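File shown: structure35.txt. Contents: compact mmCIF, C-alpha atoms and all ligand atoms.
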# COMPACT_ATOMS: atom_id res chain seq x y z
CA MET A 287 -17.19 -65.44 40.65
CA ALA A 288 -18.81 -67.08 43.67
CA ASN A 289 -21.79 -65.25 45.17
CA ASN A 290 -24.25 -66.13 47.93
CA SER A 291 -26.33 -68.42 45.73
CA ASP A 292 -23.16 -70.20 44.52
CA ALA A 293 -22.12 -70.76 48.13
CA LYS A 294 -25.52 -72.30 48.86
CA THR A 295 -25.28 -74.52 45.77
CA ILE A 296 -21.84 -75.82 46.73
CA ALA A 297 -23.10 -76.48 50.26
CA ASN A 298 -25.61 -78.85 48.63
CA LEU A 299 -22.89 -80.78 46.82
CA GLN A 300 -23.20 -84.55 46.82
CA VAL A 301 -20.53 -86.88 45.39
CA ARG A 302 -21.86 -90.37 44.67
CA SER A 303 -22.18 -93.13 42.09
CA ILE A 304 -24.55 -92.76 39.15
CA GLU A 305 -27.97 -94.13 40.05
CA ASN A 306 -29.91 -94.53 36.81
CA GLN A 307 -29.92 -94.32 33.00
CA ARG A 308 -31.15 -90.70 32.97
CA GLU A 309 -28.17 -89.62 35.08
CA LEU A 310 -25.84 -91.64 32.84
CA GLU A 311 -27.14 -89.83 29.72
CA GLU A 312 -26.84 -86.42 31.41
CA MET A 313 -23.31 -87.25 32.54
CA TYR A 314 -22.25 -88.23 28.99
CA TYR A 315 -23.66 -85.00 27.60
CA GLN A 316 -21.83 -82.83 30.16
CA ARG A 317 -18.67 -84.92 29.66
CA TRP A 318 -18.85 -84.13 25.96
CA LEU A 319 -19.49 -80.41 26.65
CA VAL A 320 -16.37 -80.06 28.82
CA LEU A 321 -13.93 -82.59 27.35
CA ARG A 322 -14.76 -83.00 23.64
CA GLU A 323 -16.90 -80.15 22.27
CA PRO A 324 -14.12 -77.54 22.86
CA LEU A 325 -11.85 -79.74 20.69
CA GLY A 326 -14.41 -79.71 17.85
CA MET A 327 -15.25 -83.39 18.43
CA ALA A 328 -18.73 -84.82 17.75
CA ARG A 329 -21.20 -86.28 20.22
CA GLY A 330 -20.34 -89.95 20.83
CA THR A 331 -16.58 -89.33 20.95
CA GLU A 332 -16.92 -88.80 24.72
CA GLN A 333 -17.63 -92.52 25.26
CA ASP A 334 -15.61 -95.71 24.86
CA LYS A 335 -16.07 -99.47 25.15
CA TYR A 336 -15.12 -99.52 28.84
CA ASP A 337 -17.89 -97.15 29.98
CA ALA A 338 -20.59 -99.82 30.26
CA SER A 339 -18.69 -101.80 32.90
CA ALA A 340 -16.97 -98.87 34.65
CA LEU A 341 -17.93 -97.04 37.84
CA HIS A 342 -19.05 -93.46 37.29
CA VAL A 343 -18.93 -91.00 40.17
CA VAL A 344 -20.85 -87.73 39.82
CA ALA A 345 -20.90 -84.43 41.71
CA MET A 346 -24.53 -83.30 42.09
CA CYS A 347 -25.60 -79.73 42.85
CA ASP A 348 -29.34 -79.29 43.27
CA ARG A 349 -30.01 -82.28 40.95
CA LEU A 350 -27.63 -80.98 38.24
CA ILE A 351 -24.58 -83.09 37.43
CA VAL A 352 -21.71 -80.57 37.63
CA GLY A 353 -18.78 -82.99 37.44
CA SER A 354 -17.86 -86.64 37.07
CA ALA A 355 -15.00 -89.11 36.94
CA ARG A 356 -14.69 -92.74 35.83
CA PHE A 357 -13.01 -95.64 37.61
CA ARG A 358 -12.25 -99.14 36.37
CA GLU A 359 -9.85 -101.95 37.18
CA LEU A 360 -7.13 -102.37 34.55
CA SER A 361 -5.47 -105.50 35.92
CA PRO A 362 -5.04 -107.13 39.34
CA GLY A 363 -4.05 -104.42 41.81
CA ILE A 364 -4.18 -101.57 39.27
CA GLY A 365 -7.07 -99.18 38.71
CA SER A 366 -7.52 -96.33 36.27
CA ILE A 367 -9.20 -92.94 36.49
CA ALA A 368 -10.44 -91.26 33.30
CA TYR A 369 -12.84 -88.65 31.94
CA VAL A 370 -12.49 -86.23 34.86
CA TRP A 371 -14.35 -82.97 34.36
CA VAL A 372 -16.16 -80.19 36.23
CA LEU A 373 -18.43 -77.65 34.51
CA PRO A 374 -16.42 -74.43 33.99
CA GLU A 375 -18.68 -72.31 36.20
CA PHE A 376 -18.15 -74.82 39.08
CA GLN A 377 -14.37 -75.22 38.74
CA HIS A 378 -11.82 -74.13 41.41
CA ARG A 379 -14.13 -74.85 44.32
CA GLY A 380 -12.81 -78.26 45.32
CA ILE A 381 -15.32 -80.38 43.36
CA GLY A 382 -12.66 -82.11 41.23
CA THR A 383 -10.70 -82.88 44.40
CA LYS A 384 -13.78 -84.49 45.98
CA LEU A 385 -14.38 -86.63 42.88
CA ILE A 386 -10.81 -87.97 42.88
CA GLN A 387 -10.84 -88.52 46.65
CA LYS A 388 -14.01 -90.60 46.24
CA LEU A 389 -12.32 -92.78 43.61
CA ILE A 390 -9.18 -93.13 45.75
CA ALA A 391 -11.40 -94.40 48.59
CA LYS A 392 -13.10 -96.87 46.19
CA ALA A 393 -9.70 -98.14 45.05
CA GLN A 394 -8.58 -98.57 48.66
CA ASP A 395 -11.78 -100.49 49.46
CA LYS A 396 -10.84 -102.84 46.62
CA GLN A 397 -7.31 -103.07 48.05
CA LEU A 398 -5.73 -101.85 44.82
CA LYS A 399 -2.03 -100.97 44.92
CA THR A 400 -1.90 -98.30 42.21
CA LEU A 401 -4.14 -95.80 40.41
CA ARG A 402 -3.13 -94.66 36.93
CA LEU A 403 -4.39 -91.86 34.74
CA ARG A 404 -3.56 -89.91 31.61
CA SER A 405 -3.56 -86.24 32.52
CA ARG A 406 -3.72 -83.23 30.30
CA MET A 407 -0.61 -81.17 31.04
CA THR A 408 -2.96 -78.37 32.15
CA ALA A 409 -4.35 -80.63 34.92
CA GLN A 410 -0.98 -81.98 36.10
CA ASN A 411 -0.83 -79.68 39.18
CA PHE A 412 -4.36 -80.66 40.15
CA TYR A 413 -3.39 -84.36 40.28
CA GLN A 414 0.00 -83.67 41.89
CA ARG A 415 -1.80 -81.92 44.73
CA LEU A 416 -3.77 -85.15 45.23
CA GLY A 417 -0.56 -87.18 45.51
CA PHE A 418 -0.11 -88.42 41.94
CA SER A 419 3.40 -88.55 40.42
CA THR A 420 4.29 -88.09 36.77
CA ASP A 421 5.40 -91.27 34.99
CA GLY A 422 7.42 -90.74 31.81
CA GLU A 423 7.57 -88.05 29.17
CA PRO A 424 4.69 -85.95 27.80
CA PHE A 425 2.93 -87.21 24.65
CA ASP A 426 0.13 -85.99 22.39
CA TYR A 427 -3.39 -87.44 22.72
CA LEU A 428 -6.34 -85.75 20.96
CA ASN A 429 -3.69 -83.25 19.75
CA ILE A 430 -3.20 -82.09 23.35
CA PRO A 431 -0.07 -82.68 25.47
CA HIS A 432 -0.70 -85.35 28.12
CA VAL A 433 1.34 -87.24 30.67
CA PHE A 434 0.79 -90.50 32.56
CA MET A 435 0.49 -90.20 36.32
CA ASN A 436 0.40 -92.78 39.13
CA LEU A 437 -0.72 -92.86 42.73
CA ASN A 438 0.56 -95.63 44.99
CA LEU A 439 -2.08 -96.59 47.54
CA PRO A 440 -0.95 -97.60 51.01
CA GLY A 441 -2.45 -100.87 52.16
CA LEU A 442 -4.42 -100.86 55.41
CA GLY A 443 -1.47 -102.45 57.20
CA ASP A 444 0.88 -99.72 55.91
CA ARG A 445 -1.02 -96.88 57.57
CA SER A 446 0.44 -95.47 60.76
C1 LIG A 501 -9.17 -80.37 36.12
C2 LIG A 501 -10.55 -80.18 36.75
C3 LIG A 501 -11.32 -81.49 36.72
C4 LIG A 501 -10.33 -79.77 38.21
O1 LIG A 501 -11.62 -79.62 38.81
P1 LIG A 501 -11.86 -78.48 39.90
O2 LIG A 501 -13.18 -78.72 40.52
O3 LIG A 501 -11.63 -77.15 39.28
O4 LIG A 501 -10.72 -78.83 40.93
P2 LIG A 501 -10.47 -78.26 42.38
O5 LIG A 501 -11.28 -77.04 42.62
O6 LIG A 501 -10.64 -79.40 43.32
O7 LIG A 501 -8.97 -77.91 42.32
C5 LIG A 501 -8.53 -77.12 41.24
C6 LIG A 501 -7.99 -75.83 41.73
O8 LIG A 501 -8.89 -75.14 42.55
C7 LIG A 501 -8.22 -74.80 43.76
N1 LIG A 501 -9.23 -74.92 44.77
C8 LIG A 501 -9.62 -76.03 45.41
N2 LIG A 501 -10.59 -75.74 46.29
C9 LIG A 501 -10.84 -74.42 46.17
C10 LIG A 501 -11.74 -73.52 46.81
N3 LIG A 501 -12.61 -73.94 47.77
N4 LIG A 501 -11.78 -72.23 46.42
C11 LIG A 501 -10.94 -71.81 45.47
N5 LIG A 501 -10.02 -72.60 44.86
C12 LIG A 501 -9.99 -73.90 45.20
C13 LIG A 501 -7.11 -75.77 43.92
O9 LIG A 501 -6.06 -75.20 44.68
C14 LIG A 501 -6.72 -76.01 42.49
O10 LIG A 501 -5.86 -75.02 42.03
P3 LIG A 501 -5.03 -75.24 40.68
O11 LIG A 501 -6.00 -75.71 39.60
O12 LIG A 501 -4.47 -73.92 40.39
O13 LIG A 501 -3.99 -76.30 40.95
C15 LIG A 501 -11.34 -79.06 36.06
O14 LIG A 501 -10.58 -77.88 36.08
C16 LIG A 501 -11.74 -79.38 34.64
O15 LIG A 501 -12.78 -79.98 34.39
N6 LIG A 501 -10.92 -78.95 33.64
C17 LIG A 501 -11.26 -79.13 32.24
C18 LIG A 501 -11.22 -80.59 31.83
C19 LIG A 501 -9.92 -81.25 32.20
O16 LIG A 501 -8.85 -80.76 31.93
N7 LIG A 501 -10.07 -82.42 32.82
C20 LIG A 501 -8.92 -83.22 33.22
C21 LIG A 501 -8.56 -84.09 32.07
S1 LIG A 501 -7.13 -85.06 32.47

Is it possible to give me this structure as structure tokens?
Amino acid sequence: MANNSDAKTIANLQVRSIENQRELEEMYYQRWLVLREPLGMARGTEQDKYDASALHVVAMCDRLIVGSARFRELSPGIGSIAYVWVLPEFQHRGIGTKLIQKLIAKAQDKQLKTLRLRSRMTAQNFYQRLGFSTDGEPFDYLNIPHVFMNLNLPGLGDRS
């Protein structure tokens, strides 16, 4: 439950790109804690071959990384979002929303047309609220039901 010190911590929230190797290592550890350890998966399973060249955005609270999300370009005009997590004690306070909004802005800067992601069914409402639409039928990944979701990005000339 949020208390006065939580409110102060959230007020100090900063959402930005990873700045150094120490932050990268901390981010991978927290990514594992939230996304892989609860599934009984070992350290290392939280990373893949695309991480080295991807953009990692982190949510910082008083120098602690409390959430992150990854962005990379899949093909011309299409970007992907993956590995989205927020530490349990920081969830439901808008941090995940800020992470995704940051990546949407990055994609728009790059003039991408579409963002794609593979959502756990439990996170589907979270992405829908951010404008993503479900694409196709649910499927199992890591023994958890997932679904693909897309967000079409308006070009600068399409904005009214
Ligand atoms: C999914 C996840 C990243 C969302 O992060 P989050 O910081 O909790 O997200 P937000 O707070 O922006 O929004 C989530 C909810 O909080 C609510 N919320 C947003 N701001 C809020 C605020 N200031 N106060 C209270 N609630 C708020 C939203 O309405 C939303 O409600 P819902 O989940 O019932 O739809 C996070 O829950 C998580 O890490 N889950 C475990 C890992 C996971 O499933 N990752 C996604 C893999 S695809």

Expressed in Å to a single decimal, how great is the separation between atom CA of Leu403 of chain A and atom CA of Ile296 of chain A?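 Value for the atom CA of Leu403 of chain A-atom CA of Ile296 of chain A distance: 26.6 Å.
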
Could you pull out the residues sitting within 9 Å of ligand LIG 501 (chain A), using all atoms listed in the file, and write them as a VMD selection string? chain A and resid 317 320 to 321 353 to 355 368 to 374 376 to 386 403 to 415 432 to 433

Of the candidates A:Thr331, A:Val352, A:Ala340, A:Ala297, which one gets nearest to Met313 of chain A if we count only C-alpha atoms?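 Ranking A:Thr331, A:Val352, A:Ala340, A:Ala297 by distance to Met313 of chain A, first place goes to A:Val352.
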
Shell of 7 Å around Leu439 of chain A, only C-alpha atoms, local chain residues under 4 positions omitted, as a PyMOL selection string: chain A and resi 394+398-400

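With all atoms listed in the file as the basis for measurement, A:Tyr336 is the residue among A:Ile351, A:Gln300, A:Val344, A:Tyr336 that approaches Ser366 of chain A most closely.
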
Go through A:Gln387, A:Leu325, A:Tyr315, A:Arg402 one by one, measure the shortest atom-to-atom distance of each to Arg358 of chain A using all atoms listed in the file, and give the residue with the smallest value.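 Among the listed residues, A:Arg402 lies closest to Arg358 of chain A.
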
Take the point (5.3, -87.7, 43.0) in the file's coordinates, draw a sphere of radius 12 Å around it, and report as a JSON list (two decimals) with C-alpha atoms, keeping the file's coordinate frame every protein, DNA or RNA residue with an atom inside or on it, counting only C-alpha atoms.
[["chain", "number", "residue", "atom", "x", "y", "z"],
["A", 410, "GLN", "CA", -0.98, -81.98, 36.10],
["A", 411, "ASN", "CA", -0.83, -79.68, 39.18],
["A", 413, "TYR", "CA", -3.39, -84.36, 40.28],
["A", 414, "GLN", "CA", 0.00, -83.67, 41.89],
["A", 415, "ARG", "CA", -1.80, -81.92, 44.73],
["A", 416, "LEU", "CA", -3.77, -85.15, 45.23],
["A", 417, "GLY", "CA", -0.56, -87.18, 45.51],
["A", 418, "PHE", "CA", -0.11, -88.42, 41.94],
["A", 419, "SER", "CA", 3.40, -88.55, 40.42],
["A", 420, "THR", "CA", 4.29, -88.09, 36.77],
["A", 421, "ASP", "CA", 5.40, -91.27, 34.99],
["A", 422, "GLY", "CA", 7.42, -90.74, 31.81],
["A", 434, "PHE", "CA", 0.79, -90.50, 32.56],
["A", 435, "MET", "CA", 0.49, -90.20, 36.32],
["A", 436, "ASN", "CA", 0.40, -92.78, 39.13],
["A", 437, "LEU", "CA", -0.72, -92.86, 42.73],
["A", 438, "ASN", "CA", 0.56, -95.63, 44.99]]

From the set A:Ser303, A:Phe357, A:Gly326, A:Pro362, which residue has the shortest atom-to-atom contact distance to Ile390 of chain A, counting all atoms listed in the file?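 When distances to Ile390 of chain A are compared using all atoms listed in the file, the smallest one comes from A:Phe357.
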
Figure out the distance between atom CA of Gln397 of chain A and atom CA of Glu423 of chain A, please, to one decimal in Å.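 Spanning atom CA of Glu423 of chain A to atom CA of Gln397 of chain A is a straight-line distance of 28.3 Å.
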
Atom CA of Asn306 of chain A sits from atom CA of Leu319 of chain A at a separation of 20.3 Å

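Each of A:Glu375, A:Ile364, A:Tyr314, A:Leu389 was compared to Val301 of chain A using only C-alpha atoms, and A:Leu389 turns out to be the nearest.
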
Kindly indicate which residue among A:Gln307, A:Ser361, A:Pro440, A:Arg302 lies nearest to Met346 of chain A, using all atoms listed in the file for the distances.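 For Met346 of chain A, the nearest of the candidates is A:Arg302.
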
What does segment 327-445 of chain A look like written to a file with C-alpha atoms, as an mmCIF file, in the first residue's frame?
data_model
loop_
_atom_site.group_PDB
_atom_site.id
_atom_site.type_symbol
_atom_site.label_atom_id
_atom_site.label_comp_id
_atom_site.auth_asym_id
_atom_site.auth_seq_id
_atom_site.Cartn_x
_atom_site.Cartn_y
_atom_site.Cartn_z
ATOM 1 C CA MET A 327 13.892 -20.309 -14.644
ATOM 2 C CA ALA A 328 17.642 -19.849 -14.046
ATOM 3 C CA ARG A 329 19.687 -16.659 -14.237
ATOM 4 C CA GLY A 330 20.667 -16.031 -17.868
ATOM 5 C CA THR A 331 17.263 -17.030 -19.259
ATOM 6 C CA GLU A 332 16.195 -13.383 -18.921
ATOM 7 C CA GLN A 333 18.506 -12.359 -21.796
ATOM 8 C CA ASP A 334 18.596 -13.056 -25.531
ATOM 9 C CA LYS A 335 20.795 -12.339 -28.542
ATOM 10 C CA TYR A 336 18.994 -9.080 -29.350
ATOM 11 C CA ASP A 337 19.710 -7.398 -26.004
ATOM 12 C CA ALA A 338 23.185 -6.137 -26.947
ATOM 13 C CA SER A 339 21.894 -4.004 -29.810
ATOM 14 C CA ALA A 340 18.509 -3.057 -28.317
ATOM 15 C CA LEU A 341 17.442 0.113 -26.509
ATOM 16 C CA HIS A 342 16.695 -0.388 -22.822
ATOM 17 C CA VAL A 343 14.529 2.129 -20.999
ATOM 18 C CA VAL A 344 14.524 2.076 -17.192
ATOM 19 C CA ALA A 345 12.356 3.626 -14.485
ATOM 20 C CA MET A 346 14.620 4.925 -11.700
ATOM 21 C CA CYS A 347 13.460 5.663 -8.158
ATOM 22 C CA ASP A 348 16.161 7.098 -5.911
ATOM 23 C CA ARG A 349 18.883 5.323 -7.954
ATOM 24 C CA LEU A 350 17.060 1.950 -7.836
ATOM 25 C CA ILE A 351 15.889 0.474 -11.127
ATOM 26 C CA VAL A 352 12.221 -0.357 -10.438
ATOM 27 C CA GLY A 353 11.122 -1.180 -13.990
ATOM 28 C CA SER A 354 12.329 -1.488 -17.559
ATOM 29 C CA ALA A 355 11.298 -2.231 -21.122
ATOM 30 C CA ARG A 356 13.203 -3.085 -24.309
ATOM 31 C CA PHE A 357 12.794 -1.625 -27.785
ATOM 32 C CA ARG A 358 14.313 -2.740 -31.078
ATOM 33 C CA GLU A 359 13.562 -2.418 -34.771
ATOM 34 C CA LEU A 360 12.314 -5.668 -36.306
ATOM 35 C CA SER A 361 12.159 -4.579 -39.937
ATOM 36 C CA PRO A 362 11.662 -1.303 -41.828
ATOM 37 C CA GLY A 363 8.777 0.547 -40.198
ATOM 38 C CA ILE A 364 8.164 -2.072 -37.490
ATOM 39 C CA GLY A 365 9.451 -1.984 -33.925
ATOM 40 C CA SER A 366 9.079 -4.416 -31.064
ATOM 41 C CA ILE A 367 8.661 -4.003 -27.319
ATOM 42 C CA ALA A 368 9.719 -6.828 -25.002
ATOM 43 C CA TYR A 369 10.736 -7.663 -21.434
ATOM 44 C CA VAL A 370 8.390 -5.173 -19.763
ATOM 45 C CA TRP A 371 8.395 -5.380 -15.985
ATOM 46 C CA VAL A 372 7.915 -3.308 -12.831
ATOM 47 C CA LEU A 373 8.963 -4.514 -9.362
ATOM 48 C CA PRO A 374 5.844 -5.847 -7.579
ATOM 49 C CA GLU A 375 5.976 -3.258 -4.783
ATOM 50 C CA PHE A 376 5.991 -0.459 -7.429
ATOM 51 C CA GLN A 377 3.214 -1.823 -9.668
ATOM 52 C CA HIS A 378 -0.170 -0.094 -10.235
ATOM 53 C CA ARG A 379 1.245 3.401 -9.910
ATOM 54 C CA GLY A 380 1.609 4.263 -13.585
ATOM 55 C CA ILE A 381 5.288 3.282 -13.978
ATOM 56 C CA GLY A 382 4.618 0.629 -16.643
ATOM 57 C CA THR A 383 2.510 3.160 -18.545
ATOM 58 C CA LYS A 384 5.378 5.679 -18.486
ATOM 59 C CA LEU A 385 7.835 3.058 -19.771
ATOM 60 C CA ILE A 386 5.614 2.159 -22.733
ATOM 61 C CA GLN A 387 4.836 5.809 -23.493
ATOM 62 C CA LYS A 388 8.585 6.490 -23.628
ATOM 63 C CA LEU A 389 9.069 3.673 -26.153
ATOM 64 C CA ILE A 390 6.088 4.851 -28.219
ATOM 65 C CA ALA A 391 7.721 8.296 -28.397
ATOM 66 C CA LYS A 392 11.042 6.695 -29.465
ATOM 67 C CA ALA A 393 9.250 4.745 -32.198
ATOM 68 C CA GLN A 394 7.522 7.905 -33.412
ATOM 69 C CA ASP A 395 10.877 9.734 -33.497
ATOM 70 C CA LYS A 396 12.117 6.951 -35.773
ATOM 71 C CA GLN A 397 8.948 7.328 -37.870
ATOM 72 C CA LEU A 398 7.973 3.692 -37.381
ATOM 73 C CA LYS A 399 4.495 2.662 -38.508
ATOM 74 C CA THR A 400 3.808 -0.185 -36.067
ATOM 75 C CA LEU A 401 4.875 -1.466 -32.651
ATOM 76 C CA ARG A 402 4.472 -5.175 -31.911
ATOM 77 C CA LEU A 403 4.698 -7.131 -28.694
ATOM 78 C CA ARG A 404 3.929 -10.521 -27.208
ATOM 79 C CA SER A 405 1.804 -9.943 -24.122
ATOM 80 C CA ARG A 406 1.045 -12.271 -21.291
ATOM 81 C CA MET A 407 -2.737 -12.616 -21.160
ATOM 82 C CA THR A 408 -2.570 -11.110 -17.653
ATOM 83 C CA ALA A 409 -1.089 -7.887 -19.096
ATOM 84 C CA GLN A 410 -3.484 -7.612 -22.062
ATOM 85 C CA ASN A 411 -5.654 -4.899 -20.407
ATOM 86 C CA PHE A 412 -2.560 -2.893 -19.529
ATOM 87 C CA TYR A 413 -1.501 -2.738 -23.209
ATOM 88 C CA GLN A 414 -5.072 -2.224 -24.461
ATOM 89 C CA ARG A 415 -5.306 0.860 -22.271
ATOM 90 C CA LEU A 416 -2.211 2.158 -24.073
ATOM 91 C CA GLY A 417 -3.877 1.682 -27.473
ATOM 92 C CA PHE A 418 -2.586 -1.761 -28.484
ATOM 93 C CA SER A 419 -4.939 -4.195 -30.258
ATOM 94 C CA THR A 420 -4.855 -7.974 -30.038
ATOM 95 C CA ASP A 421 -3.631 -9.737 -33.184
ATOM 96 C CA GLY A 422 -4.635 -13.392 -33.507
ATOM 97 C CA GLU A 423 -5.363 -16.166 -31.066
ATOM 98 C CA PRO A 424 -3.691 -16.831 -27.701
ATOM 99 C CA PHE A 425 -0.730 -19.231 -27.638
ATOM 100 C CA ASP A 426 1.579 -20.692 -24.997
ATOM 101 C CA TYR A 427 5.079 -19.262 -24.475
ATOM 102 C CA LEU A 428 7.123 -20.234 -21.394
ATOM 103 C CA ASN A 429 4.051 -22.354 -20.491
ATOM 104 C CA ILE A 430 2.026 -19.152 -20.030
ATOM 105 C CA PRO A 431 -0.824 -17.967 -22.299
ATOM 106 C CA HIS A 432 0.293 -15.035 -24.473
ATOM 107 C CA VAL A 433 -1.144 -13.027 -27.329
ATOM 108 C CA PHE A 434 0.427 -10.805 -29.995
ATOM 109 C CA MET A 435 -0.567 -7.152 -29.876
ATOM 110 C CA ASN A 436 0.014 -4.228 -32.262
ATOM 111 C CA LEU A 437 -0.063 -0.463 -32.040
ATOM 112 C CA ASN A 438 -0.344 1.557 -35.249
ATOM 113 C CA LEU A 439 1.559 4.824 -34.932
ATOM 114 C CA PRO A 440 0.164 7.901 -36.642
ATOM 115 C CA GLY A 441 2.715 9.689 -38.775
ATOM 116 C CA LEU A 442 3.382 13.352 -38.021
ATOM 117 C CA GLY A 443 1.276 14.354 -41.026
ATOM 118 C CA ASP A 444 -1.650 12.228 -39.775
ATOM 119 C CA ARG A 445 -2.024 14.126 -36.503
#
